[in-house]
$ cat structure10.pdb   # PDB, C-alpha atoms
ATOM      1  CA  MET A   1     -10.461  -3.789   8.124
ATOM      2  CA  ILE A   2     -13.234  -6.360   8.169
ATOM      3  CA  ARG A   3     -13.648 -10.035   8.996
ATOM      4  CA  ALA A   4     -15.463 -11.915   6.228
ATOM      5  CA  CYS A   5     -17.202 -15.085   7.468
ATOM      6  CA  LEU A   6     -18.572 -17.117   4.571
ATOM      7  CA  GLU A   7     -20.455 -20.364   4.038
ATOM      8  CA  PRO A   8     -19.671 -22.320   0.842
ATOM      9  CA  PRO A   9     -20.632 -21.989  -1.891
ATOM     10  CA  TRP A  10     -19.723 -18.300  -1.915
ATOM     11  CA  ALA A  11     -18.175 -15.781  -4.289
ATOM     12  CA  VAL A  12     -17.668 -12.021  -4.109
ATOM     13  CA  ARG A  13     -16.843  -9.808  -7.062
ATOM     14  CA  VAL A  14     -14.550  -6.947  -5.970
ATOM     15  CA  ALA A  15     -14.687  -3.865  -8.214
ATOM     16  CA  ASP A  16     -14.004  -1.107  -5.675
ATOM     17  CA  ARG A  17     -10.964   0.225  -7.599
ATOM     18  CA  ALA A  18      -8.965   0.334  -4.353
ATOM     19  CA  PRO A  19      -5.227   0.664  -5.038
ATOM     20  CA  LEU A  20      -4.317  -1.983  -2.474
ATOM     21  CA  THR A  21      -6.206  -4.747  -0.675
ATOM     22  CA  VAL A  22      -4.681  -7.196   1.786
ATOM     23  CA  MET A  23      -6.275 -10.590   2.456
ATOM     24  CA  VAL A  24      -5.216 -12.989   5.216
ATOM     25  CA  MET A  25      -6.769 -16.451   5.257
ATOM     26  CA  ALA A  26      -7.601 -17.167   8.899
ATOM     27  CA  ARG A  27      -9.766 -20.258   8.359
ATOM     28  CA  GLY A  28     -10.806 -22.343   5.396
ATOM     29  CA  GLU A  29      -9.719 -21.807   1.796
ATOM     30  CA  ALA A  30     -10.425 -19.369  -1.028
ATOM     31  CA  TRP A  31      -9.608 -18.779  -4.682
ATOM     32  CA  VAL A  32      -8.683 -15.284  -5.880
ATOM     33  CA  THR A  33      -9.036 -14.676  -9.611
ATOM     34  CA  PRO A  34      -7.899 -11.373 -11.132
ATOM     35  CA  ASP A  35      -9.563 -10.391 -14.386
ATOM     36  CA  GLY A  36      -7.377 -11.848 -17.098
ATOM     37  CA  GLY A  37      -4.951 -13.217 -14.509
ATOM     38  CA  GLU A  38      -4.038 -16.560 -13.016
ATOM     39  CA  GLN A  39      -6.150 -18.044 -10.224
ATOM     40  CA  VAL A  40      -4.489 -18.285  -6.823
ATOM     41  CA  ARG A  41      -5.545 -20.644  -4.042
ATOM     42  CA  LEU A  42      -5.303 -19.385  -0.459
ATOM     43  CA  ARG A  43      -5.024 -21.792   2.439
ATOM     44  CA  PRO A  44      -5.041 -21.048   6.196
ATOM     45  CA  GLY A  45      -2.246 -18.615   7.071
ATOM     46  CA  ASP A  46      -1.657 -17.499   3.468
ATOM     47  CA  LEU A  47      -1.577 -13.798   2.621
ATOM     48  CA  ALA A  48      -2.492 -12.110  -0.654
ATOM     49  CA  ILE A  49      -2.159  -8.513  -1.805
ATOM     50  CA  ALA A  50      -4.272  -7.318  -4.726
ATOM     51  CA  ARG A  51      -3.008  -4.165  -6.437
ATOM     52  CA  GLY A  52      -5.878  -2.230  -7.994
ATOM     53  CA  PRO A  53      -7.675  -0.745  -9.649
ATOM     54  CA  ASP A  54      -8.486  -3.830 -11.754
ATOM     55  CA  PRO A  55     -11.338  -6.027 -10.418
ATOM     56  CA  TYR A  56     -11.044  -9.596  -9.176
ATOM     57  CA  THR A  57     -13.217 -12.333  -7.704
ATOM     58  CA  CYS A  58     -12.851 -14.188  -4.407
ATOM     59  CA  ALA A  59     -14.651 -17.519  -4.161
ATOM     60  CA  ASP A  60     -14.737 -20.857  -2.402
ATOM     61  CA  ALA A  61     -13.985 -22.569  -5.711
ATOM     62  CA  PRO A  62     -13.267 -21.595  -9.311
ATOM     63  CA  GLY A  63     -16.472 -21.100 -11.235
ATOM     64  CA  THR A  64     -18.749 -20.232  -8.308
ATOM     65  CA  ALA A  65     -21.052 -17.432  -9.442
ATOM     66  CA  PRO A  66     -20.676 -14.159  -7.468
ATOM     67  CA  GLN A  67     -23.409 -13.538  -4.900
ATOM     68  CA  ALA A  68     -22.239 -10.050  -3.950
ATOM     69  CA  LEU A  69     -20.506  -7.113  -5.613
ATOM     70  CA  ILE A  70     -18.186  -4.668  -3.827
ATOM     71  CA  LEU A  71     -18.179  -1.235  -5.461
ATOM     72  CA  PRO A  72     -16.183   1.983  -4.899
ATOM     73  CA  GLY A  73     -16.760   3.557  -1.511
ATOM     74  CA  GLY A  74     -17.425   0.174   0.099
ATOM     75  CA  GLU A  75     -20.927  -0.024  -1.395
ATOM     76  CA  CYS A  76     -22.245  -3.597  -1.501
ATOM     77  CA  SER A  77     -24.867  -4.903  -3.908
ATOM     78  CA  TYR A  78     -26.238  -8.076  -5.427
ATOM     79  CA  PRO A  79     -24.908  -8.963  -8.899
ATOM     80  CA  ASP A  80     -28.052  -7.469 -10.462
ATOM     81  CA  GLY A  81     -27.212  -4.095  -8.918
ATOM     82  CA  SER A  82     -29.820  -4.064  -6.151
ATOM     83  CA  PRO A  83     -28.342  -2.981  -2.780
ATOM     84  CA  LEU A  84     -27.577  -5.490  -0.051
ATOM     85  CA  ASN A  85     -28.857  -2.976   2.530
ATOM     86  CA  GLY A  86     -26.778  -4.459   5.320
ATOM     87  CA  SER A  87     -28.224  -7.952   4.921
ATOM     88  CA  MET A  88     -24.759  -9.480   5.374
ATOM     89  CA  ASP A  89     -23.647  -7.325   8.316
ATOM     90  CA  LEU A  90     -22.831  -9.557  11.284
ATOM     91  CA  GLY A  91     -21.711  -7.060  13.925
ATOM     92  CA  VAL A  92     -18.482  -5.226  14.663
ATOM     93  CA  ARG A  93     -16.365  -5.243  11.458
ATOM     94  CA  THR A  94     -17.828  -8.641  10.548
ATOM     95  CA  TRP A  95     -19.539  -9.381   7.246
ATOM     96  CA  GLY A  96     -20.878 -12.492   5.562
ATOM     97  CA  ASP A  97     -23.189 -15.411   6.255
ATOM     98  CA  ARG A  98     -22.626 -16.269   9.923
ATOM     99  CA  PRO A  99     -19.828 -15.588  12.450
ATOM    100  CA  ASP A 100     -18.999 -19.287  12.875
ATOM    101  CA  ALA A 101     -18.794 -19.966   9.120
ATOM    102  CA  PRO A 102     -16.053 -22.370   7.981
ATOM    103  CA  THR A 103     -14.311 -19.684   5.910
ATOM    104  CA  VAL A 104     -12.857 -16.608   7.613
ATOM    105  CA  MET A 105     -10.787 -14.012   5.791
ATOM    106  CA  LEU A 106      -9.313 -10.796   7.235
ATOM    107  CA  ILE A 107      -9.435  -7.978   4.675
ATOM    108  CA  GLY A 108      -7.803  -4.556   4.799
ATOM    109  CA  THR A 109      -8.215  -1.959   2.059
ATOM    110  CA  TYR A 110      -6.300   1.207   1.233
ATOM    111  CA  LEU A 111      -8.654   3.586  -0.558
ATOM    112  CA  MET A 112      -6.022   6.032  -1.822
ATOM    113  CA  GLN A 113      -2.526   5.637  -3.229
ATOM    114  CA  GLY A 114       0.055   8.335  -2.673
ATOM    115  CA  GLU A 115       3.057   9.258  -4.763
ATOM    116  CA  ILE A 116       5.446   7.823  -2.158
ATOM    117  CA  SER A 117       3.656   4.483  -1.764
ATOM    118  CA  GLY A 118       3.192   4.297  -5.528
ATOM    119  CA  ARG A 119       6.947   4.158  -6.019
ATOM    120  CA  LEU A 120       6.938   0.800  -4.249
ATOM    121  CA  LEU A 121       3.559  -0.576  -5.263
ATOM    122  CA  ASP A 122       4.219  -0.040  -8.962
ATOM    123  CA  ALA A 123       6.835  -2.782  -8.686
ATOM    124  CA  LEU A 124       4.251  -5.331  -7.525
ATOM    125  CA  PRO A 125       2.301  -7.756  -9.698
ATOM    126  CA  PRO A 126      -1.502  -7.372  -9.827
ATOM    127  CA  LEU A 127      -1.774 -10.171  -7.274
ATOM    128  CA  LEU A 128       0.983 -11.435  -5.018
ATOM    129  CA  THR A 129       0.758 -14.235  -2.478
ATOM    130  CA  LEU A 130       2.894 -15.315   0.443
ATOM    131  CA  PRO A 131       2.094 -18.896   1.500
ATOM    132  CA  ALA A 132       2.202 -19.622   5.212
ATOM    133  CA  GLU A 133       5.131 -22.006   4.760
ATOM    134  CA  VAL A 134       7.168 -19.210   3.157
ATOM    135  CA  TRP A 135       6.116 -16.388   5.472
ATOM    136  CA  PRO A 136       4.059 -17.377   8.526
ATOM    137  CA  CYS A 137       2.154 -14.154   9.277
ATOM    138  CA  PRO A 138       2.855 -13.358  12.950
ATOM    139  CA  LEU A 139       0.031 -10.799  13.123
ATOM    140  CA  THR A 140      -2.909 -13.057  12.253
ATOM    141  CA  PRO A 141      -3.809 -14.052  15.850
ATOM    142  CA  LEU A 142      -3.549 -10.437  16.998
ATOM    143  CA  LEU A 143      -5.665  -9.192  14.103
ATOM    144  CA  MET A 144      -8.335 -11.828  14.785
ATOM    145  CA  GLU A 145      -8.517 -10.618  18.375
ATOM    146  CA  GLU A 146      -8.453  -6.886  17.666
ATOM    147  CA  ILE A 147     -10.772  -6.727  14.652
ATOM    148  CA  VAL A 148     -13.923  -7.495  16.655
ATOM    149  CA  ARG A 149     -13.182  -5.105  19.511
ATOM    150  CA  ASP A 150     -15.391  -2.039  19.809
ATOM    151  CA  GLU A 151     -13.349   0.326  21.948
ATOM    152  CA  PRO A 152     -12.232   3.972  21.695
ATOM    153  CA  GLY A 153      -9.349   4.363  19.269
ATOM    154  CA  GLN A 154      -9.804   0.889  17.828
ATOM    155  CA  GLU A 155      -9.748   2.099  14.213
ATOM    156  CA  VAL A 156      -6.329   3.680  14.813
ATOM    157  CA  VAL A 157      -5.033   0.426  16.304
ATOM    158  CA  LEU A 158      -6.260  -1.559  13.300
ATOM    159  CA  ASP A 159      -4.853   0.963  10.814
ATOM    160  CA  ARG A 160      -1.413   0.691  12.376
ATOM    161  CA  LEU A 161      -1.592  -3.108  12.479
ATOM    162  CA  LEU A 162      -2.565  -3.115   8.806
ATOM    163  CA  ASP A 163       0.377  -0.846   7.969
ATOM    164  CA  LEU A 164       2.720  -3.162   9.872
ATOM    165  CA  LEU A 165       1.261  -6.192   8.102
ATOM    166  CA  VAL A 166       1.787  -4.643   4.656
ATOM    167  CA  ILE A 167       5.319  -3.475   5.415
ATOM    168  CA  SER A 168       6.306  -6.890   6.760
ATOM    169  CA  ALA A 169       4.720  -8.688   3.824
ATOM    170  CA  LEU A 170       6.369  -6.465   1.206
ATOM    171  CA  ARG A 171       9.722  -6.822   2.916
ATOM    172  CA  ALA A 172       9.340 -10.603   2.767
ATOM    173  CA  TRP A 173       8.238 -10.407  -0.886
ATOM    174  CA  PHE A 174      11.149  -8.258  -2.012
ATOM    175  CA  SER A 175      13.692 -10.282  -0.020
ATOM    176  CA  ARG A 176      13.122 -13.287  -2.276
ATOM    177  CA  PRO A 177      16.115 -13.999  -4.551
ATOM    178  CA  GLU A 178      13.941 -13.688  -7.665
ATOM    179  CA  ALA A 179      12.203 -10.478  -6.557
ATOM    180  CA  ALA A 180      12.294  -7.451  -8.866
ATOM    181  CA  ALA A 181      12.477  -4.785  -6.176
ATOM    182  CA  PRO A 182      12.792  -1.126  -7.234
ATOM    183  CA  ALA A 183      16.389   0.016  -7.600
ATOM    184  CA  TRP A 184      16.114   2.547  -4.771
ATOM    185  CA  TYR A 185      14.695  -0.159  -2.470
ATOM    186  CA  GLN A 186      17.609  -2.479  -3.189
ATOM    187  CA  ALA A 187      20.042   0.405  -2.783
ATOM    188  CA  LEU A 188      18.894   0.909   0.815
ATOM    189  CA  GLY A 189      20.991  -2.147   1.674
ATOM    190  CA  ASP A 190      24.179  -0.532   0.384
ATOM    191  CA  PRO A 191      26.306   0.933   3.233
ATOM    192  CA  VAL A 192      27.058   4.130   1.299
ATOM    193  CA  VAL A 193      24.020   4.781  -0.897
ATOM    194  CA  GLY A 194      21.637   3.466   1.752
ATOM    195  CA  ARG A 195      22.948   6.048   4.176
ATOM    196  CA  ALA A 196      22.408   8.847   1.662
ATOM    197  CA  LEU A 197      18.893   7.620   0.843
ATOM    198  CA  ARG A 198      17.895   7.505   4.502
ATOM    199  CA  LEU A 199      19.189  11.055   4.989
ATOM    200  CA  ILE A 200      17.155  12.293   2.009
ATOM    201  CA  GLN A 201      14.008  10.468   3.049
ATOM    202  CA  GLY A 202      14.352  11.282   6.737
ATOM    203  CA  ASP A 203      14.988  15.022   6.348
ATOM    204  CA  PRO A 204      13.969  16.199   2.871
ATOM    205  CA  ALA A 205      13.783  19.842   3.987
ATOM    206  CA  HIS A 206      17.513  19.943   4.733
ATOM    207  CA  PRO A 207      19.543  21.821   2.071
ATOM    208  CA  TRP A 208      21.337  18.688   0.932
ATOM    209  CA  THR A 209      24.101  18.790  -1.658
ATOM    210  CA  VAL A 210      26.080  15.931  -3.127
ATOM    211  CA  SER A 211      29.038  17.099  -1.028
ATOM    212  CA  SER A 212      27.102  17.139   2.258
ATOM    213  CA  LEU A 213      25.561  13.738   1.565
ATOM    214  CA  ALA A 214      28.984  12.340   0.685
ATOM    215  CA  ALA A 215      30.442  13.719   3.915
ATOM    216  CA  GLU A 216      27.699  12.045   5.944
ATOM    217  CA  ALA A 217      28.241   8.776   4.062
ATOM    218  CA  GLY A 218      32.011   8.948   4.552
ATOM    219  CA  VAL A 219      33.028   8.963   0.886
ATOM    220  CA  SER A 220      34.122  11.480  -1.694
ATOM    221  CA  ARG A 221      31.622  13.530  -3.684
ATOM    222  CA  ALA A 222      32.569  11.766  -6.922
ATOM    223  CA  ALA A 223      32.348   8.314  -5.331
ATOM    224  CA  LEU A 224      28.862   8.965  -3.974
ATOM    225  CA  ALA A 225      27.585  10.453  -7.228
ATOM    226  CA  ARG A 226      28.907   7.513  -9.228
ATOM    227  CA  ARG A 227      27.678   4.780  -6.876
ATOM    228  CA  PHE A 228      24.310   6.438  -6.236
ATOM    229  CA  THR A 229      23.568   6.796  -9.949
ATOM    230  CA  GLU A 230      24.690   3.230 -10.592
ATOM    231  CA  LEU A 231      22.442   1.689  -7.900
ATOM    232  CA  VAL A 232      19.428   4.007  -7.890
ATOM    233  CA  GLY A 233      19.332   4.822 -11.585
ATOM    234  CA  GLU A 234      19.420   8.606 -11.175
ATOM    235  CA  PRO A 235      21.820  11.146  -9.604
ATOM    236  CA  PRO A 236      21.423  12.110  -5.932
ATOM    237  CA  MET A 237      19.955  15.562  -6.599
ATOM    238  CA  ALA A 238      17.478  14.221  -9.141
ATOM    239  CA  HIS A 239      16.305  11.666  -6.603
ATOM    240  CA  LEU A 240      16.053  14.345  -3.916
ATOM    241  CA  THR A 241      13.905  16.514  -6.181
ATOM    242  CA  ALA A 242      11.616  13.609  -7.086
ATOM    243  CA  TRP A 243      11.254  12.660  -3.414
ATOM    244  CA  ARG A 244      10.428  16.230  -2.370
ATOM    245  CA  LEU A 245       7.805  16.612  -5.078
ATOM    246  CA  ALA A 246       6.242  13.240  -4.261
ATOM    247  CA  LEU A 247       5.967  14.288  -0.618
ATOM    248  CA  ALA A 248       4.421  17.580  -1.686
ATOM    249  CA  ALA A 249       1.894  15.780  -3.895
ATOM    250  CA  ASP A 250       0.824  13.551  -1.011
ATOM    251  CA  ARG A 251       0.477  16.504   1.376
ATOM    252  CA  LEU A 252      -1.578  18.420  -1.151
ATOM    253  CA  ARG A 253      -3.940  15.473  -1.284
ATOM    254  CA  ASP A 254      -3.992  14.518   2.400
ATOM    255  CA  THR A 255      -3.860  17.886   4.202
ATOM    256  CA  GLU A 256      -5.182  21.422   3.978
ATOM    257  CA  ASP A 257      -1.725  22.929   4.516
ATOM    258  CA  THR A 258      -0.941  26.031   2.511
ATOM    259  CA  LEU A 259       1.443  25.719  -0.399
ATOM    260  CA  ALA A 260       3.985  27.832   1.492
ATOM    261  CA  ALA A 261       3.830  25.485   4.497
ATOM    262  CA  ILE A 262       4.242  22.433   2.269
ATOM    263  CA  ALA A 263       7.159  24.104   0.477
ATOM    264  CA  ARG A 264       8.969  24.633   3.778
ATOM    265  CA  ARG A 265       8.262  21.073   4.878
ATOM    266  CA  VAL A 266       9.705  19.459   1.756
ATOM    267  CA  GLY A 267      12.696  21.745   1.233
ATOM    268  CA  TYR A 268      11.636  24.538  -1.130
ATOM    269  CA  GLY A 269      12.360  28.175  -0.291
ATOM    270  CA  SER A 270       8.996  29.494  -1.400
ATOM    271  CA  ALA A 271       5.581  28.495  -2.686
ATOM    272  CA  PHE A 272       6.539  29.871  -6.092
ATOM    273  CA  ALA A 273       9.638  27.659  -6.295
ATOM    274  CA  LEU A 274       7.625  24.569  -5.353
ATOM    275  CA  SER A 275       4.823  25.455  -7.771
ATOM    276  CA  SER A 276       7.235  25.882 -10.676
ATOM    277  CA  ALA A 277       9.012  22.572  -9.997
ATOM    278  CA  PHE A 278       5.725  20.753  -9.402
ATOM    279  CA  LYS A 279       4.162  21.890 -12.674
ATOM    280  CA  ARG A 280       7.332  21.045 -14.601
ATOM    281  CA  VAL A 281       7.258  17.438 -13.349
ATOM    282  CA  TYR A 282       3.535  16.707 -12.926
ATOM    283  CA  GLY A 283       2.191  18.871 -15.722
ATOM    284  CA  VAL A 284      -0.381  20.588 -13.474
ATOM    285  CA  SER A 285      -0.195  23.236 -10.788
ATOM    286  CA  PRO A 286      -0.278  22.184  -7.113
ATOM    287  CA  GLN A 287      -3.784  23.620  -6.812
ATOM    288  CA  GLU A 288      -4.990  21.622  -9.809
ATOM    289  CA  HIS A 289      -3.470  18.485  -8.311
ATOM    290  CA  ARG A 290      -5.238  19.143  -4.987
ATOM    291  CA  THR A 291      -8.557  19.748  -6.725
ATOM    292  CA  ARG A 292      -8.306  16.559  -8.784
ATOM    293  CA  ALA A 293      -7.365  14.502  -5.725
ATOM    294  CA  ALA A 294     -10.370  15.863  -3.816
TER     295      ALA A 294
END

$ encode --input "structure10.pdb" --output "structure tokens"
Amino acid sequence: MIRACLEPPWAVRVADRAPLTVMVMARGEAWVTPDGGEQVRLRPGDLAIARGPDPYTCADAPGTAPQALILPGGECSYPDGSPLNGSMDLGVRTWGDRPDAPTVMLIGTYLMQGEISGRLLDALPPLLTLPAEVWPCPLTPLLMEEIVRDEPGQEVVLDRLLDLLVISALRAWFSRPEAAAPAWYQALGDPVVGRALRLIQGDPAHPWTVSSLAAEAGVSRAALARRFTELVGEPPMAHLTAWRLALAADRLRDTEDTLAAIARRVGYGSAFALSSAFKRVYGVSPQEHRTRAA
């Protein structure tokens, strides 16, 4: 996370291809303009989430020419391509013109998107906003205090706060009456199917069957299968398989665990069984997936 402190007129072109960027307006105002999308005005307390990889521009006003370009890997340059060389660094996680500038924005970026998070993020628009009057962000004061601290473990603290911010914001977004939340997300609120989904997601390595899930949910096998398919859009075992493989894909990308260890963790009896299922669904072997992700 960083704290951007900017003096009007200002504009930053963001082309870092990050899958998810969170912006909280702490002071002043800003306009966010996705390429080919509608401009959105952010006022103090407003939150915006930009879903990449498409670029967008943040500015003090529509039409202000970009003065900086953010590229993949967090590289910063002038619009002509020459590097900024730290000319806008203002200290601990602070970037911009001057620390007491009239515009302050808190920005958190996720550099990689996993298969699990993608299931939720794919349901989002390229740019979503939550105005302060709709969802007053309770974490803004805490983030403002923590982001400038330079203490051991501070990055872990900020990462967890960012996770909490995103989860809370998405929950508020999908709770709107007009929200188009994924079917499985909506189904979590069902007393029967929600119970089965939490069992699958909480313990994917367990040898679940429709019968055992139904017993835990307190309904018959046929009732669970029918209601689960109706609400989630796929049968329980198909969802379990998809969840296991998505977990495996994320672990292949994020860890150096052996394929056998990952297979045990996600509920497959052997590396061969996981490899066969993985290639059938993803079209590449687990090793190819790991290599591409690296």

$ closest_atom_pairs --input "structure10.pdb" --of "range 122-153 of chain A" --to "range 6-25 of chain A" --cutoff "10 Å" --atoms "all atoms listed in the file" --output "Markdown table"
| residue | atom | partner | partner_atom | distance |
| --- | --- | --- | --- | --- |
| A:Pro126 | CA | A:Leu20 | CA | 9.5 |
| A:Leu127 | CA | A:Thr21 | CA | 9.6 |
| A:Leu128 | CA | A:Val22 | CA | 9.8 |
| A:Thr129 | CA | A:Met23 | CA | 9.3 |
| A:Leu130 | CA | A:Val24 | CA | 9.7 |
| A:Pro131 | CA | A:Met25 | CA | 9.9 |
| A:Ala132 | CA | A:Met25 | CA | 9.5 |
| A:Cys137 | CA | A:Val24 | CA | 8.5 |
| A:Leu139 | CA | A:Val24 | CA | 9.7 |
| A:Thr140 | CA | A:Val24 | CA | 7.4 |
| A:Leu143 | CA | A:Val24 | CA | 9.7 |

$ closest_residue --input "structure10.pdb" --among "A:Ala59, A:Val266, A:Leu142, A:Leu170" --to "Val157 in chain A" --atoms "all atoms listed in the file"
A:Leu142

$ closest_residue --input "structure10.pdb" --among "A:Val156, A:Ala294, A:Val166, A:Ala249" --to "Ser275 in chain A" --atoms "all atoms listed in the file"
A:Ala249

$ atom_distance --input "structure10.pdb" --atom1 "CA of Arg227 in chain A" --atom2 "CA of Trp208 in chain A"
17.2 Å

$ resolve_selection --input "structure10.pdb" --expression "the PyMOL selection byres ((chain A and resi 97) around 8)" --output "JSON, numbers by chain"
{"A": [5, 6, 7, 88, 90, 95, 96, 98, 99, 101]}

$ write_last_selection --input "structure10.pdb" --atoms "C-alpha atoms" --output "mmCIF file, in the coordinates of the input"
data_model
loop_
_atom_site.group_PDB
_atom_site.id
_atom_site.type_symbol
_atom_site.label_atom_id
_atom_site.label_comp_id
_atom_site.auth_asym_id
_atom_site.auth_seq_id
_atom_site.Cartn_x
_atom_site.Cartn_y
_atom_site.Cartn_z
ATOM 1 C CA CYS A 5 -17.202 -15.085 7.468
ATOM 2 C CA LEU A 6 -18.572 -17.117 4.571
ATOM 3 C CA GLU A 7 -20.455 -20.364 4.038
ATOM 4 C CA MET A 88 -24.759 -9.480 5.374
ATOM 5 C CA LEU A 90 -22.831 -9.557 11.284
ATOM 6 C CA TRP A 95 -19.539 -9.381 7.246
ATOM 7 C CA GLY A 96 -20.878 -12.492 5.562
ATOM 8 C CA ARG A 98 -22.626 -16.269 9.923
ATOM 9 C CA PRO A 99 -19.828 -15.588 12.450
ATOM 10 C CA ALA A 101 -18.794 -19.966 9.120
#

$ atom_distance --input "structure10.pdb" --atom1 "CA of Thr94 in chain A" --atom2 "CA of Arg3 in chain A"
4.7 Å

$ decode --input "structure10.pdb" --residues "range 86-93 of chain A" --atoms "all heavy atoms" --output "short mmCIF file (atom, residue, chain, number, x, y, z; two decimals), in the first residue's frame"
data_model
loop_
_atom_site.label_atom_id
_atom_site.label_comp_id
_atom_site.auth_asym_id
_atom_site.auth_seq_id
_atom_site.Cartn_x
_atom_site.Cartn_y
_atom_site.Cartn_z
N GLY A 86 12.69 7.99 -8.55
CA GLY A 86 12.41 8.32 -7.16
C GLY A 86 12.15 9.78 -6.89
O GLY A 86 12.11 10.19 -5.72
N SER A 87 11.96 10.59 -7.93
CA SER A 87 11.78 12.03 -7.72
C SER A 87 10.50 12.37 -6.97
O SER A 87 10.37 13.47 -6.45
CB SER A 87 11.81 12.76 -9.06
OG SER A 87 10.75 12.33 -9.90
N MET A 88 9.54 11.43 -6.94
CA MET A 88 8.29 11.70 -6.23
C MET A 88 8.17 10.91 -4.93
O MET A 88 7.11 10.90 -4.31
CB MET A 88 7.10 11.40 -7.15
CG MET A 88 7.05 12.28 -8.39
SD MET A 88 5.59 12.03 -9.42
CE MET A 88 4.31 12.83 -8.42
N ASP A 89 9.24 10.24 -4.51
CA ASP A 89 9.23 9.53 -3.24
C ASP A 89 9.27 10.53 -2.09
O ASP A 89 10.13 11.44 -2.07
CB ASP A 89 10.42 8.58 -3.13
CG ASP A 89 10.30 7.41 -4.11
OD1 ASP A 89 9.18 7.19 -4.62
OD2 ASP A 89 11.32 6.74 -4.35
N LEU A 90 8.37 10.36 -1.13
CA LEU A 90 8.26 11.32 -0.03
C LEU A 90 8.48 10.68 1.34
O LEU A 90 8.11 11.24 2.36
CB LEU A 90 6.88 11.98 -0.05
CG LEU A 90 6.53 12.79 -1.30
CD1 LEU A 90 5.08 13.27 -1.23
CD2 LEU A 90 7.48 13.97 -1.46
N GLY A 91 9.06 9.49 1.37
CA GLY A 91 9.27 8.82 2.66
C GLY A 91 8.54 7.50 2.72
O GLY A 91 8.20 6.91 1.70
N VAL A 92 8.27 7.04 3.93
CA VAL A 92 7.70 5.71 4.14
C VAL A 92 6.35 5.58 3.45
O VAL A 92 5.38 6.25 3.81
CB VAL A 92 7.55 5.43 5.65
CG1 VAL A 92 6.93 4.05 5.88
CG2 VAL A 92 8.90 5.51 6.34
N ARG A 93 6.30 4.74 2.41
CA ARG A 93 5.07 4.43 1.66
C ARG A 93 4.31 5.69 1.24
O ARG A 93 3.07 5.69 1.18
CB ARG A 93 4.16 3.51 2.48
CG ARG A 93 4.81 2.20 2.86
CD ARG A 93 3.86 1.31 3.63
NE ARG A 93 4.58 0.27 4.32
CZ ARG A 93 5.11 0.39 5.54
NH1 ARG A 93 4.92 1.52 6.22
NH2 ARG A 93 5.79 -0.59 6.08
#
